[in-house]
Amino acid sequence: MTEASLLLEKDGALAIITFNNPKALNALTVATFCRLEELLDQLEQDTDIRVVILTGAGEKAFIAGGDISHLGTLDADGAREFALLAQRVIDRIEAFPKPVIAAINGYALGGGCELAMGCDIRIASDSARFGQPEVKLGIIPGFAGTQRLARLVGKGRAKELVFTGEMIDAEEACRIGLVNRVVTGDRLMEEARALALKMCDKSASAIRFAKDAIDNGLEMDFARGARYEADLFALCFTTADCKEGISAFLEKRLARF
Ligand code: CAA
């Protein structure tokens with residue numbers, strides 16, 4: 001995969017990363033993950049960027065999975081290495097200190113669905129299809145799909161999707177909580193940008209702490225999660241954004257973060 005197979009566009013405070021190998025339905029290779037990791041490093045340091053949107057090139061697919069040609073070359077050690085690389089990069093998306101929105105424009109299968117689940121928010125076009133078809137290949141999801149899917153939609157629904165390998169449409173994905181909303185294909189990027197812009201004028205540090213509290217707190221029991229939240233709530237009070245946000249309210253003006 002060449003560099004051009006992962007496109008980066010910056011538009012004000014938004015960064016849009018496009019998986020751009022539509023001939024192979026944007027299937028994920030080792031090179032895609034390595035390049036994605038580099039782009040995330042770059043965007044984390046870029047103080048102009050406040051929200052990242054991930055999408056797929058072409059009308060057919062967001063990402064149709066891990067590259068099956070590559071899977072065909074792997075032994076057990078290679079498979080573990082590929083899974084751990086993918087998991088590391090998807091974890092990085094999940095822990096990224098700025099919101100990451102998946103704009104899902106078509107098939108989100110296997111590793112594609114797993115990558116989308118690492119994003120904070122998923123918006124799907126009405127033509128999108130979701131699934132974990134790995135059992136049809138004699139394998140299981142390896143990019144932490146068994147873990148994230150069960151957490152997002154519950155154990156029973158996750159098992160049904162993983163054991164059958166069947167695809168579901170965008171409406172069903174929305175009904176079970178796999179995506180936040182469904183829009184027509186022609187409005188997908190517009191909706192993703194509009195949602196991102198609603199976050200751009202808010203406090204970036206507060207959003208970062210809120211993301212941390214939700215993601216890490218949910219992995220704890222309730223009491224610990226609530227205490228973790230209180231610690232992050234306290235940290236907010238050390239930031240300039242907190243001073244600005246509260247002063248702006250009291251002075252009846254708009255906050256400038
Ligand atoms: N890897 C590599 N190439 C892929 C691919 C994948 N995951 N998915 C599609 N492609 C390629 C096809 O081989 C085809 O290439 P050629 O034109 O060179 O033959 C091209 O993309 C277009 O695909 P189709 O002709 O198959 O398109 P279609 O409209 O008939 O079907 C589809 C679309 C239902 C998505 C079908 O392509 C498909 O079933 N793809 C595989 C989906 C899959 O099994 N994904 C899971 C992969 S395993 C995984 O992700 C591992 C993991 O969790 C660790």
# chains A, B, ... in the order shown; residues from 1 in each chain; ligands from 1
$ residues_around --residues "stretch 151-154 of chain A" --least-positions-apart "3" --cutoff "10 Å" --atoms "only C-alpha atoms" --output "number ranges by chain"
A: 117, 145-148, 157-159, 173, 175-179, 218-219
$ write_last_selection --atoms "N, CA and C atoms" --output "short mmCIF file (atom, residue, chain, number, x, y, z; two decimals), in the first residue's frame"
data_model
loop_
_atom_site.label_atom_id
_atom_site.label_comp_id
_atom_site.auth_asym_id
_atom_site.auth_seq_id
_atom_site.Cartn_x
_atom_site.Cartn_y
_atom_site.Cartn_z
N MET A 117 -15.50 0.29 15.42
CA MET A 117 -15.90 0.20 16.83
C MET A 117 -14.89 0.87 17.77
N GLY A 145 -12.53 -7.41 18.06
CA GLY A 145 -13.96 -7.35 17.74
C GLY A 145 -14.83 -8.12 18.72
N THR A 146 -14.34 -9.25 19.20
CA THR A 146 -15.18 -10.01 20.14
C THR A 146 -15.42 -9.18 21.40
N GLN A 147 -14.43 -8.38 21.77
CA GLN A 147 -14.53 -7.59 23.01
C GLN A 147 -15.38 -6.33 22.80
N ARG A 148 -15.06 -5.59 21.75
CA ARG A 148 -15.79 -4.31 21.57
C ARG A 148 -17.24 -4.56 21.14
N ARG A 157 -26.28 -10.52 21.17
CA ARG A 157 -26.27 -10.03 19.79
C ARG A 157 -24.89 -10.19 19.17
N ALA A 158 -23.84 -9.97 19.97
CA ALA A 158 -22.47 -10.12 19.45
C ALA A 158 -22.27 -11.57 19.02
N LYS A 159 -22.72 -12.50 19.85
CA LYS A 159 -22.52 -13.92 19.50
C LYS A 159 -23.30 -14.29 18.24
N ALA A 173 -28.15 -2.01 12.45
CA ALA A 173 -26.96 -1.63 13.24
C ALA A 173 -27.30 -0.49 14.18
N ARG A 175 -30.36 0.18 15.34
CA ARG A 175 -31.31 -0.34 16.34
C ARG A 175 -30.59 -1.04 17.50
N ILE A 176 -29.51 -1.75 17.20
CA ILE A 176 -28.81 -2.49 18.26
C ILE A 176 -27.68 -1.67 18.90
N GLY A 177 -27.51 -0.44 18.45
CA GLY A 177 -26.52 0.43 19.10
C GLY A 177 -25.11 0.33 18.53
N LEU A 178 -24.99 -0.31 17.37
CA LEU A 178 -23.66 -0.40 16.75
C LEU A 178 -23.30 0.91 16.06
N VAL A 179 -24.30 1.64 15.57
CA VAL A 179 -24.04 2.99 15.04
C VAL A 179 -24.98 3.98 15.72
N LEU A 218 -15.70 2.85 32.16
CA LEU A 218 -16.57 1.70 31.86
C LEU A 218 -15.88 0.36 32.07
N GLU A 219 -14.56 0.37 32.09
CA GLU A 219 -13.82 -0.88 32.32
C GLU A 219 -13.65 -1.15 33.82
#
$ select_by_dssp --residues "stretch 68-139 of chain A" --states "strand (DSSP E or B)" --output "list in words"
Val100, Ile101, Ala102, Ala103, Ile104, Tyr107, Ala108, Leu109, Ile121, Arg122, Ile123, Ala124, Ser125, Arg129, Phe130 and Gly131 of chain A
$ select_by_dssp --residues "stretch 95-234 of chain A" --states "helix (DSSP H, G or I)" --output "ChimeraX atom specification"
/A:111-117,133-137,145-153,155-164,170-175,185-200,204-217,222-234
$ write_last_selection --atoms "C-alpha atoms" --output "tab-separated table (two decimals), in the first residue's frame"
chain	number	residue	atom	x	y	z
A	111	GLY	CA	-11.51	-5.69	10.66
A	112	GLY	CA	-13.46	-2.77	9.15
A	113	CYS	CA	-16.24	-3.15	11.68
A	114	GLU	CA	-13.61	-3.64	14.40
A	115	LEU	CA	-11.82	-0.43	13.42
A	116	ALA	CA	-15.12	1.48	13.34
A	117	MET	CA	-15.90	0.20	16.83
A	133	PRO	CA	-17.79	-12.73	8.68
A	134	GLU	CA	-14.55	-14.32	9.97
A	135	VAL	CA	-16.15	-17.71	10.73
A	136	LYS	CA	-16.73	-18.09	6.98
A	137	LEU	CA	-12.91	-18.06	6.65
A	145	GLY	CA	-13.96	-7.35	17.74
A	146	THR	CA	-15.18	-10.01	20.14
A	147	GLN	CA	-14.53	-7.59	23.01
A	148	ARG	CA	-15.79	-4.31	21.57
A	149	LEU	CA	-18.84	-5.79	19.81
A	150	ALA	CA	-20.04	-7.52	22.99
A	151	ARG	CA	-19.54	-4.31	24.97
A	152	LEU	CA	-21.42	-2.23	22.37
A	153	VAL	CA	-24.38	-4.44	21.53
A	155	LYS	CA	-23.18	-10.60	24.50
A	156	GLY	CA	-26.17	-12.27	22.85
A	157	ARG	CA	-26.27	-10.03	19.79
A	158	ALA	CA	-22.47	-10.12	19.45
A	159	LYS	CA	-22.52	-13.92	19.50
A	160	GLU	CA	-25.29	-14.04	16.89
A	161	LEU	CA	-23.28	-11.78	14.55
A	162	VAL	CA	-19.96	-13.58	15.14
A	163	PHE	CA	-21.32	-17.17	15.06
A	164	THR	CA	-23.36	-16.67	11.86
A	170	ALA	CA	-27.49	0.18	8.71
A	171	GLU	CA	-30.97	0.44	10.26
A	172	GLU	CA	-30.46	-2.77	12.20
A	173	ALA	CA	-26.96	-1.63	13.24
A	174	CYS	CA	-28.53	1.56	14.56
A	175	ARG	CA	-31.31	-0.34	16.34
A	185	GLY	CA	-25.29	8.43	1.40
A	186	ASP	CA	-25.19	11.91	-0.13
A	187	ARG	CA	-25.42	13.52	3.33
A	188	LEU	CA	-22.92	11.30	5.15
A	189	MET	CA	-19.87	13.56	5.10
A	190	GLU	CA	-21.98	16.67	5.63
A	191	GLU	CA	-23.53	15.11	8.76
A	192	ALA	CA	-20.16	13.89	10.03
A	193	ARG	CA	-18.66	17.37	9.55
A	194	ALA	CA	-21.66	19.07	11.18
A	195	LEU	CA	-21.39	16.78	14.19
A	196	ALA	CA	-17.64	17.34	14.40
A	197	LEU	CA	-18.11	21.12	14.23
A	198	LYS	CA	-20.42	20.97	17.27
A	199	MET	CA	-17.40	19.67	19.22
A	200	CYS	CA	-14.86	22.10	17.77
A	204	ALA	CA	-10.88	20.39	23.93
A	205	SER	CA	-9.49	19.53	27.37
A	206	ALA	CA	-12.98	18.86	28.77
A	207	ILE	CA	-13.80	16.60	25.81
A	208	ARG	CA	-10.49	14.78	26.33
A	209	PHE	CA	-11.24	14.18	30.01
A	210	ALA	CA	-14.84	13.14	29.25
A	211	LYS	CA	-13.63	10.60	26.68
A	212	ASP	CA	-11.12	9.24	29.18
A	213	ALA	CA	-13.78	9.00	31.91
A	214	ILE	CA	-16.27	7.16	29.70
A	215	ASP	CA	-13.80	4.75	28.06
A	216	ASN	CA	-11.67	3.92	31.08
A	217	GLY	CA	-14.43	4.28	33.67
A	222	PHE	CA	-19.26	1.60	39.08
A	223	ALA	CA	-17.78	2.97	42.32
A	224	ARG	CA	-14.24	3.06	40.92
A	225	GLY	CA	-15.49	4.54	37.66
A	226	ALA	CA	-17.31	7.29	39.56
A	227	ARG	CA	-14.17	8.03	41.61
A	228	TYR	CA	-12.11	8.11	38.41
A	229	GLU	CA	-14.63	10.60	37.04
A	230	ALA	CA	-14.27	12.76	40.19
A	231	ASP	CA	-10.46	12.81	39.71
A	232	LEU	CA	-10.84	13.95	36.10
A	233	PHE	CA	-13.53	16.46	37.16
A	234	ALA	CA	-10.97	17.87	39.62
$ residues_near_ligand --ligand "ligand 1" --cutoff "6 Å" --atoms "only C-alpha atoms and all ligand atoms" --output "PyMOL selection string"
chain A and resi 23-25+27+64-69+109-111+133-134+141-143
$ atom_distance --atom1 "atom CA of A:Gly138" --atom2 "atom CA of A:Ala79"
13.1 Å
$ residues_around --residues "A:Ser5" --least-positions-apart "4" --cutoff "10 Å" --atoms "only C-alpha atoms" --output "tab-separated table (two decimals) with N, CA, C and O atoms, in the first residue's frame"
chain	number	residue	atom	x	y	z
A	1	MET	N	0.85	-1.20	0.00
A	1	MET	CA	0.00	0.00	0.00
A	1	MET	C	0.88	1.25	0.00
A	1	MET	O	1.78	1.38	0.83
A	18	THR	N	-8.98	9.20	4.82
A	18	THR	CA	-9.77	8.33	3.93
A	18	THR	C	-8.97	7.07	3.59
A	18	THR	O	-7.84	7.16	3.10
A	19	PHE	N	-9.55	5.91	3.88
A	19	PHE	CA	-8.94	4.64	3.45
A	19	PHE	C	-9.17	4.56	1.94
A	19	PHE	O	-10.31	4.58	1.48
A	20	ASN	N	-8.08	4.53	1.19
A	20	ASN	CA	-8.21	4.79	-0.25
A	20	ASN	C	-7.63	3.67	-1.10
A	20	ASN	O	-6.66	3.85	-1.81
A	21	ASN	N	-8.23	2.50	-0.96
A	21	ASN	CA	-7.85	1.40	-1.84
A	21	ASN	C	-9.14	0.72	-2.32
A	21	ASN	O	-9.39	-0.46	-2.02
A	22	PRO	N	-10.00	1.52	-3.02
A	22	PRO	CA	-11.36	1.03	-3.30
A	22	PRO	C	-11.40	-0.24	-4.14
A	22	PRO	O	-12.36	-1.00	-4.04
A	26	ASN	N	-10.94	-1.24	0.25
A	26	ASN	CA	-10.20	-0.61	1.36
A	26	ASN	C	-9.75	-1.61	2.43
A	26	ASN	O	-9.64	-1.25	3.62
A	31	ALA	N	0.67	-2.24	6.10
A	31	ALA	CA	1.07	-0.87	5.74
A	31	ALA	C	-0.01	0.14	6.12
A	31	ALA	O	0.30	1.25	6.54
A	32	THR	N	-1.28	-0.24	5.96
A	32	THR	CA	-2.36	0.71	6.33
A	32	THR	C	-2.26	1.05	7.81
A	32	THR	O	-2.37	2.21	8.20
A	35	ARG	N	0.79	3.26	8.59
A	35	ARG	CA	0.60	4.64	8.12
A	35	ARG	C	-0.45	5.36	8.99
A	35	ARG	O	-0.30	6.53	9.33
A	57	ALA	N	-12.86	5.37	0.76
A	57	ALA	CA	-13.01	5.88	-0.60
A	57	ALA	C	-13.96	4.97	-1.39
A	57	ALA	O	-14.05	3.77	-1.13
$ closest_residue --among "A:Ala102, A:Ala128, A:Leu54, A:Ala144" --to "A:Phe82" --atoms "only C-alpha atoms"
A:Ala144
$ closest_residue --among "A:Ala108, A:Leu6, A:Ala15, A:Val51" --to "A:Phe33" --atoms "only C-alpha atoms"
A:Leu6
$ residues_around --residues "A:Ser127" --least-positions-apart "5" --cutoff "10 Å" --atoms "only C-alpha atoms" --output "list in words"
Glu59, Lys60, Ala61, Ile104, Asn105, Gly106, Tyr107, Asp169, Ala170, Glu171, Val182, Val183, Thr184 and Gly185 of chain A
$ atom_distance --atom1 "atom CA of A:Lys10" --atom2 "atom CA of A:Pro97"
17.4 Å
$ atom_distance --atom1 "atom CA of A:Phe257" --atom2 "atom CA of A:Lys98"
14.4 Å
